[in-house]
>>> print(open('entry.cif').read())   # mmCIF, C-alpha atoms
data_input
#
loop_
_atom_site.group_PDB
_atom_site.id
_atom_site.type_symbol
_atom_site.label_atom_id
_atom_site.label_comp_id
_atom_site.auth_asym_id
_atom_site.auth_seq_id
_atom_site.Cartn_x
_atom_site.Cartn_y
_atom_site.Cartn_z
ATOM 1 C CA MET D 59 0.329 -26.557 5.464
ATOM 2 C CA THR D 60 1.651 -23.219 6.678
ATOM 3 C CA SER D 61 -0.680 -21.553 9.194
ATOM 4 C CA VAL D 62 -1.729 -17.913 8.974
ATOM 5 C CA HIS D 63 0.275 -17.217 12.134
ATOM 6 C CA GLU D 64 3.348 -18.753 10.514
ATOM 7 C CA LEU D 65 2.774 -16.664 7.372
ATOM 8 C CA GLY D 66 2.713 -13.507 9.462
ATOM 9 C CA GLN D 67 5.831 -14.529 11.345
ATOM 10 C CA LEU D 68 7.564 -15.422 8.074
ATOM 11 C CA TYR D 69 6.790 -11.978 6.697
ATOM 12 C CA VAL D 70 8.011 -10.116 9.769
ATOM 13 C CA GLY D 71 11.106 -12.300 10.077
ATOM 14 C CA GLU D 72 12.124 -11.819 6.473
ATOM 15 C CA CYS D 73 11.641 -8.047 6.749
ATOM 16 C CA VAL D 74 14.019 -7.980 9.711
ATOM 17 C CA ARG D 75 16.538 -10.274 8.019
ATOM 18 C CA ARG D 76 16.673 -8.549 4.663
ATOM 19 C CA GLY D 77 15.812 -4.979 5.502
ATOM 20 C CA PRO D 78 14.604 -2.403 2.953
ATOM 21 C CA ALA D 79 17.565 -2.921 0.625
ATOM 22 C CA GLY D 80 16.492 -6.513 0.032
ATOM 23 C CA PHE D 81 13.478 -5.383 -1.963
ATOM 24 C CA ARG D 82 14.938 -2.854 -4.328
ATOM 25 C CA GLY D 83 14.468 -3.674 -7.953
ATOM 26 C CA LYS D 84 13.555 -2.228 -11.265
ATOM 27 C CA LEU D 85 11.110 -2.911 -14.033
ATOM 28 C CA LYS D 86 12.738 -5.245 -16.508
ATOM 29 C CA ARG D 87 12.289 -4.193 -20.121
ATOM 30 C CA MET D 88 11.246 -7.317 -21.938
ATOM 31 C CA GLU D 89 9.928 -4.738 -24.434
ATOM 32 C CA PHE D 90 6.984 -4.117 -22.157
ATOM 33 C CA GLU D 91 6.094 -1.040 -24.163
ATOM 34 C CA ARG D 92 5.758 -3.074 -27.346
ATOM 35 C CA VAL D 93 3.720 -5.806 -25.653
ATOM 36 C CA LEU D 94 1.433 -3.382 -23.839
ATOM 37 C CA THR D 95 0.807 -1.297 -26.951
ATOM 38 C CA THR D 96 -0.044 -4.383 -28.989
ATOM 39 C CA PHE D 97 -2.565 -5.723 -26.487
ATOM 40 C CA LEU D 98 -4.060 -2.340 -25.608
ATOM 41 C CA GLU D 99 -4.692 -1.636 -29.284
ATOM 42 C CA PHE D 100 -6.346 -5.049 -29.595
ATOM 43 C CA PHE D 101 -8.597 -4.423 -26.583
ATOM 44 C CA ASP D 102 -9.594 -1.023 -27.957
ATOM 45 C CA ARG D 103 -10.207 -2.336 -31.474
ATOM 46 C CA GLU D 104 -12.307 -5.263 -30.234
ATOM 47 C CA ASN D 105 -14.082 -3.276 -27.493
ATOM 48 C CA ILE D 106 -12.795 -5.607 -24.772
ATOM 49 C CA ARG D 107 -12.794 -4.388 -21.185
ATOM 50 C CA TYR D 108 -9.539 -4.967 -19.361
ATOM 51 C CA ALA D 109 -7.547 -3.992 -16.309
ATOM 52 C CA ILE D 110 -3.854 -4.399 -15.649
ATOM 53 C CA VAL D 111 -3.168 -6.427 -12.515
ATOM 54 C CA GLY D 112 -0.098 -8.086 -10.997
ATOM 55 C CA GLY D 113 3.377 -6.584 -10.958
ATOM 56 C CA LEU D 114 2.699 -3.819 -13.464
ATOM 57 C CA ALA D 115 -0.291 -2.661 -11.418
ATOM 58 C CA VAL D 116 1.891 -2.432 -8.324
ATOM 59 C CA HIS D 117 4.476 -0.577 -10.412
ATOM 60 C CA ALA D 118 1.772 1.927 -11.432
ATOM 61 C CA TYR D 119 1.013 2.547 -7.750
ATOM 62 C CA GLY D 120 4.604 3.274 -6.865
ATOM 63 C CA ARG D 121 6.665 0.138 -6.289
ATOM 64 C CA LEU D 122 9.480 -0.185 -8.783
ATOM 65 C CA ARG D 123 10.331 -3.881 -8.746
ATOM 66 C CA SER D 124 11.268 -6.574 -11.202
ATOM 67 C CA THR D 125 8.475 -8.356 -13.006
ATOM 68 C CA LYS D 126 8.594 -11.070 -15.626
ATOM 69 C CA GLU D 127 5.219 -10.735 -17.309
ATOM 70 C CA VAL D 128 2.239 -8.587 -18.142
ATOM 71 C CA ASP D 129 -0.972 -9.513 -16.308
ATOM 72 C CA PHE D 130 -4.416 -8.567 -17.576
ATOM 73 C CA ALA D 131 -7.923 -9.160 -16.247
ATOM 74 C CA VAL D 132 -10.726 -9.421 -18.804
ATOM 75 C CA ASP D 133 -14.324 -10.623 -18.943
ATOM 76 C CA LEU D 134 -14.755 -14.381 -19.029
ATOM 77 C CA ALA D 135 -16.919 -13.943 -22.136
ATOM 78 C CA ASN D 136 -13.830 -12.733 -24.039
ATOM 79 C CA ARG D 137 -11.578 -15.615 -22.980
ATOM 80 C CA GLN D 138 -11.410 -17.389 -26.340
ATOM 81 C CA ARG D 139 -10.861 -14.156 -28.293
ATOM 82 C CA VAL D 140 -7.988 -13.157 -26.023
ATOM 83 C CA ILE D 141 -6.308 -16.558 -26.213
ATOM 84 C CA ALA D 142 -6.680 -16.647 -29.997
ATOM 85 C CA PHE D 143 -5.101 -13.207 -30.318
ATOM 86 C CA ALA D 144 -2.160 -14.114 -28.093
ATOM 87 C CA GLU D 145 -1.560 -17.256 -30.131
ATOM 88 C CA SER D 146 -1.783 -15.258 -33.371
ATOM 89 C CA LEU D 147 1.187 -13.229 -32.099
ATOM 90 C CA GLY D 148 3.207 -16.407 -31.606
ATOM 91 C CA TYR D 149 2.571 -17.004 -27.923
ATOM 92 C CA ASP D 150 2.380 -20.601 -26.753
ATOM 93 C CA THR D 151 -0.455 -21.289 -24.341
ATOM 94 C CA LEU D 152 1.138 -22.912 -21.297
ATOM 95 C CA LEU D 153 -1.990 -23.334 -19.217
ATOM 96 C CA THR D 154 -5.637 -22.531 -19.650
ATOM 97 C CA SER D 155 -8.630 -22.868 -17.322
ATOM 98 C CA ARG D 156 -11.917 -21.095 -16.825
ATOM 99 C CA ALA D 157 -10.256 -18.502 -14.605
ATOM 100 C CA PHE D 158 -6.707 -18.177 -15.971
ATOM 101 C CA SER D 159 -4.461 -18.604 -18.968
ATOM 102 C CA ASN D 160 -0.683 -18.255 -19.249
ATOM 103 C CA HIS D 161 1.215 -17.546 -22.462
ATOM 104 C CA ALA D 162 4.928 -17.421 -23.274
ATOM 105 C CA HIS D 163 6.680 -16.357 -26.459
ATOM 106 C CA ALA D 164 9.812 -17.941 -27.915
ATOM 107 C CA ASP D 165 11.083 -14.410 -28.604
ATOM 108 C CA ALA D 166 12.230 -12.964 -25.268
ATOM 109 C CA ALA D 167 11.200 -9.485 -26.419
ATOM 110 C CA TRP D 168 7.545 -10.587 -26.245
ATOM 111 C CA GLY D 169 8.036 -12.373 -22.925
ATOM 112 C CA ARG D 170 5.073 -13.765 -21.027
ATOM 113 C CA VAL D 171 1.464 -12.603 -20.788
ATOM 114 C CA ASP D 172 -1.031 -13.934 -18.228
ATOM 115 C CA PHE D 173 -4.792 -13.411 -18.110
ATOM 116 C CA MET D 174 -7.402 -13.615 -15.381
ATOM 117 C CA TYR D 175 -11.010 -14.131 -16.484
ATOM 118 C CA PHE D 176 -13.793 -12.659 -14.364
ATOM 119 C CA ASP D 177 -17.416 -13.738 -14.201
ATOM 120 C CA PRO D 178 -19.973 -10.928 -14.634
ATOM 121 C CA ALA D 179 -20.366 -10.177 -10.916
ATOM 122 C CA THR D 180 -16.627 -9.969 -10.231
ATOM 123 C CA ALA D 181 -15.983 -8.089 -13.459
ATOM 124 C CA ALA D 182 -18.572 -5.454 -12.560
ATOM 125 C CA LYS D 183 -16.801 -4.735 -9.264
ATOM 126 C CA VAL D 184 -13.231 -4.801 -10.571
ATOM 127 C CA PHE D 185 -13.795 -2.774 -13.725
ATOM 128 C CA ALA D 186 -15.937 -0.192 -11.907
ATOM 129 C CA GLY D 187 -13.024 0.465 -9.548
ATOM 130 C CA SER D 188 -10.304 0.484 -12.195
ATOM 131 C CA ARG D 189 -8.636 3.740 -13.142
ATOM 132 C CA PRO D 190 -6.206 5.147 -15.711
ATOM 133 C CA GLN D 191 -2.615 5.075 -14.474
ATOM 134 C CA GLN D 192 0.709 5.822 -16.078
ATOM 135 C CA ILE D 193 2.545 2.539 -16.642
ATOM 136 C CA MET D 194 5.509 3.868 -18.588
ATOM 137 C CA ALA D 195 6.602 7.243 -19.873
ATOM 138 C CA ASN D 196 4.510 6.874 -23.026
ATOM 139 C CA ILE D 197 1.760 4.533 -21.838
ATOM 140 C CA THR D 198 -1.284 5.203 -19.697
ATOM 141 C CA ALA D 199 -3.630 2.249 -19.238
ATOM 142 C CA THR D 200 -6.516 1.037 -17.112
ATOM 143 C CA VAL D 201 -5.281 -0.484 -13.847
ATOM 144 C CA ALA D 202 -7.299 -2.356 -11.231
ATOM 145 C CA SER D 203 -7.797 -0.430 -7.993
ATOM 146 C CA PRO D 204 -5.173 -0.867 -5.265
ATOM 147 C CA GLU D 205 -7.842 -2.535 -3.122
ATOM 148 C CA HIS D 206 -8.630 -5.171 -5.757
ATOM 149 C CA VAL D 207 -4.969 -5.823 -6.572
ATOM 150 C CA ALA D 208 -4.279 -6.336 -2.856
ATOM 151 C CA MET D 209 -7.220 -8.723 -2.615
ATOM 152 C CA MET D 210 -5.918 -10.739 -5.559
ATOM 153 C CA LYS D 211 -2.646 -11.162 -3.705
ATOM 154 C CA ALA D 212 -4.323 -12.566 -0.593
ATOM 155 C CA LEU D 213 -4.944 -16.076 -1.919
ATOM 156 C CA SER D 214 -1.630 -16.035 -3.750
ATOM 157 C CA MET D 215 0.120 -15.700 -0.405
ATOM 158 C CA LYS D 216 -2.162 -18.231 1.285
ATOM 159 C CA ASN D 217 -1.637 -20.852 -1.420
ATOM 160 C CA HIS D 218 2.050 -20.093 -2.022
ATOM 161 C CA PRO D 219 3.765 -19.140 1.269
ATOM 162 C CA HIS D 220 7.096 -18.551 -0.483
ATOM 163 C CA ARG D 221 5.498 -15.494 -2.105
ATOM 164 C CA VAL D 222 4.697 -13.807 1.213
ATOM 165 C CA LEU D 223 7.841 -11.699 1.176
ATOM 166 C CA TYR D 224 7.495 -9.838 -2.100
ATOM 167 C CA GLU D 225 3.691 -10.035 -2.280
ATOM 168 C CA GLY D 226 3.559 -8.563 1.233
ATOM 169 C CA HIS D 227 5.652 -5.606 0.154
ATOM 170 C CA ASP D 228 3.364 -5.157 -2.828
ATOM 171 C CA VAL D 229 0.407 -4.964 -0.448
ATOM 172 C CA GLN D 230 2.270 -2.395 1.657
ATOM 173 C CA VAL D 231 2.640 -0.150 -1.376
ATOM 174 C CA LEU D 232 -0.972 -0.648 -2.424
ATOM 175 C CA MET D 233 -2.244 0.225 1.054
ATOM 176 C CA SER D 234 -0.354 3.517 0.923
ATOM 177 C CA ALA D 235 -2.068 4.666 -2.295
ATOM 178 C CA PRO D 236 -4.045 7.919 -1.888
ATOM 179 C CA GLY D 237 -7.627 7.327 -0.814
ATOM 180 C CA VAL D 238 -7.275 3.570 -0.463
ATOM 181 C CA ASP D 239 -9.992 1.816 1.567
ATOM 182 C CA ILE D 240 -7.801 -0.206 3.920
ATOM 183 C CA GLU D 241 -10.744 -1.558 5.925
ATOM 184 C CA SER D 242 -12.374 -3.162 2.890
ATOM 185 C CA VAL D 243 -9.137 -5.006 2.151
ATOM 186 C CA ARG D 244 -8.753 -5.969 5.804
ATOM 187 C CA ASP D 245 -12.272 -7.408 5.781
ATOM 188 C CA TYR D 246 -11.416 -9.447 2.678
ATOM 189 C CA TYR D 247 -8.320 -10.881 4.332
ATOM 190 C CA ARG D 248 -10.371 -11.631 7.447
ATOM 191 C CA THR D 249 -12.947 -13.505 5.344
ATOM 192 C CA HIS D 250 -10.183 -15.704 3.961
ATOM 193 C CA GLY D 251 -8.582 -16.338 7.356
ATOM 194 C CA LEU D 252 -5.638 -14.020 6.650
ATOM 195 C CA LEU D 253 -6.276 -11.188 9.095
ATOM 196 C CA GLU D 254 -3.115 -11.814 11.112
ATOM 197 C CA LEU D 255 -1.035 -11.756 7.944
ATOM 198 C CA PHE D 256 -2.666 -8.532 6.745
ATOM 199 C CA ASP D 257 -2.100 -6.809 10.085
ATOM 200 C CA ALA D 258 1.542 -7.900 10.054
ATOM 201 C CA ILE D 259 1.967 -6.425 6.578
ATOM 202 C CA VAL D 260 0.271 -3.113 7.365
ATOM 203 C CA LYS D 261 2.128 -2.780 10.671
ATOM 204 C CA LYS D 262 5.418 -2.827 8.754
ATOM 205 C CA SER D 263 4.295 0.004 6.463
#
>>> encode(input="entry.cif", output="structure tokens")
Amino acid sequence: MTSVHELGQLYVGECVRRGPAGFRGKLKRMEFERVLTTFLEFFDRENIRYAIVGGLAVHAYGRLRSTKEVDFAVDLANRQRVIAFAESLGYDTLLTSRAFSNHAHADAAWGRVDFMYFDPATAAKVFAGSRPQQIMANITATVASPEHVAMMKALSMKNHPHRVLYEGHDVQVLMSAPGVDIESVRDYYRTHGLLELFDAIVKKS
């Protein structure tokens, strides 16, 4: 298993090797506008709380990079309704658990949609901190706070070391958002044994 020290060294080493140009990208248009509009209208119609997380959230906070899916967080209580709606649109459910579900469509225009399901305590914190952000020219939606998005990426990097490079650059962007509480994120990383990794990421900002 990769140690936290090795994760930090991997991040720094890859930054030196690739340099800034290695991380330039753009938002792929898998018809994101169509997918977002469809799900946002559903959430509004059904009075379902949501927040955009993942790559689109980072995009909203200023990092233009490629992403392959739309990621939403919703209340655990709405899990079955959300899955049923995705399947009614023709999405195949690839994986489902209490905390996550992943859905892919045979039509590339609809792409992939992933959901995170939050228990009441987590939902209260995440949704309270969420804010409206412009996602695309014609779409403004509720996005999880930069602090919470960065926290979600902590265990992703710990469990999947190959993601350290691009997830680390996502965290850099999130930590540069206006008014961000860097210390609260640092404390979260410390709690999960990732302080050295977090400090390596922030130092490169």
>>> atom_distance(input="entry.cif", atom1="atom CA of Met194 of chain D", atom2="atom CA of Arg170 of chain D")
17.8 Å
>>> residues_around(input="entry.cif", residues="Gln192 of chain D", least_positions_apart="2", cutoff="12 Å", atoms="all atoms listed in the file", output="NGL selection string")
:D and (91 or 110 or 114-120 or 189-190 or 194-201)
>>> closest_residue(input="entry.cif", among="D:Thr95, D:Asn217, D:Thr249, D:Ser159", to="Ala131 of chain D", atoms="all atoms listed in the file")
D:Ser159
>>> resolve_selection(input="entry.cif", expression="the PyMOL selection byres ((chain D and resi 234) around 12)", output="ChimeraX atom specification")
/D:116,119-121,204-205,208,227-233,235-240,259-263
>>> closest_residue(input="entry.cif", among="D:Leu134, D:Leu253, D:Leu98, D:Ala202", to="Ala179 of chain D", atoms="only C-alpha atoms")
D:Leu134
>>> atom_distance(input="entry.cif", atom1="atom CA of Val171 of chain D", atom2="atom CA of Phe130 of chain D")
7.8 Å
>>> decode(input="entry.cif", residues="segment 99-140 of chain D", atoms="C-alpha atoms", output="compact mmCIF listing (two decimals), in the first residue's frame")
# COMPACT_ATOMS: atom_id res chain seq x y z
CA GLU D 99 -35.57 19.90 -13.87
CA PHE D 100 -36.24 16.53 -12.25
CA PHE D 101 -34.73 17.63 -8.93
CA ASP D 102 -36.78 20.83 -8.99
CA ARG D 103 -40.00 19.05 -9.96
CA GLU D 104 -39.57 16.39 -7.27
CA ASN D 105 -38.23 18.79 -4.61
CA ILE D 106 -34.98 16.83 -4.28
CA ARG D 107 -31.98 18.54 -2.73
CA TYR D 108 -28.79 18.14 -4.71
CA ALA D 109 -25.29 19.48 -5.14
CA ILE D 110 -22.93 19.07 -8.06
CA VAL D 111 -19.64 17.48 -7.03
CA GLY D 112 -16.68 15.97 -8.89
CA GLY D 113 -15.18 17.37 -12.07
CA LEU D 114 -18.00 19.77 -12.88
CA ALA D 115 -17.74 21.29 -9.40
CA VAL D 116 -14.03 21.89 -9.92
CA HIS D 117 -14.85 23.36 -13.33
CA ALA D 118 -17.30 25.77 -11.64
CA TYR D 119 -14.50 26.92 -9.33
CA GLY D 120 -12.12 27.67 -12.15
CA ARG D 121 -10.30 24.59 -13.42
CA LEU D 122 -11.12 23.85 -17.03
CA ARG D 123 -10.27 20.17 -17.43
CA SER D 124 -11.68 17.13 -19.15
CA THR D 125 -14.38 15.19 -17.36
CA LYS D 126 -16.31 12.13 -18.43
CA GLU D 127 -19.41 12.32 -16.26
CA VAL D 128 -21.78 14.41 -14.21
CA ASP D 129 -21.58 13.84 -10.45
CA PHE D 130 -24.41 14.69 -8.08
CA ALA D 131 -24.83 14.38 -4.32
CA VAL D 132 -28.36 13.84 -3.00
CA ASP D 133 -30.04 12.73 0.21
CA LEU D 134 -29.90 9.01 0.89
CA ALA D 135 -33.68 9.06 1.33
CA ASN D 136 -34.03 9.91 -2.39
CA ARG D 137 -31.72 7.14 -3.63
CA GLN D 138 -34.39 4.91 -5.17
CA ARG D 139 -36.20 7.82 -6.85
CA VAL D 140 -32.98 9.05 -8.42
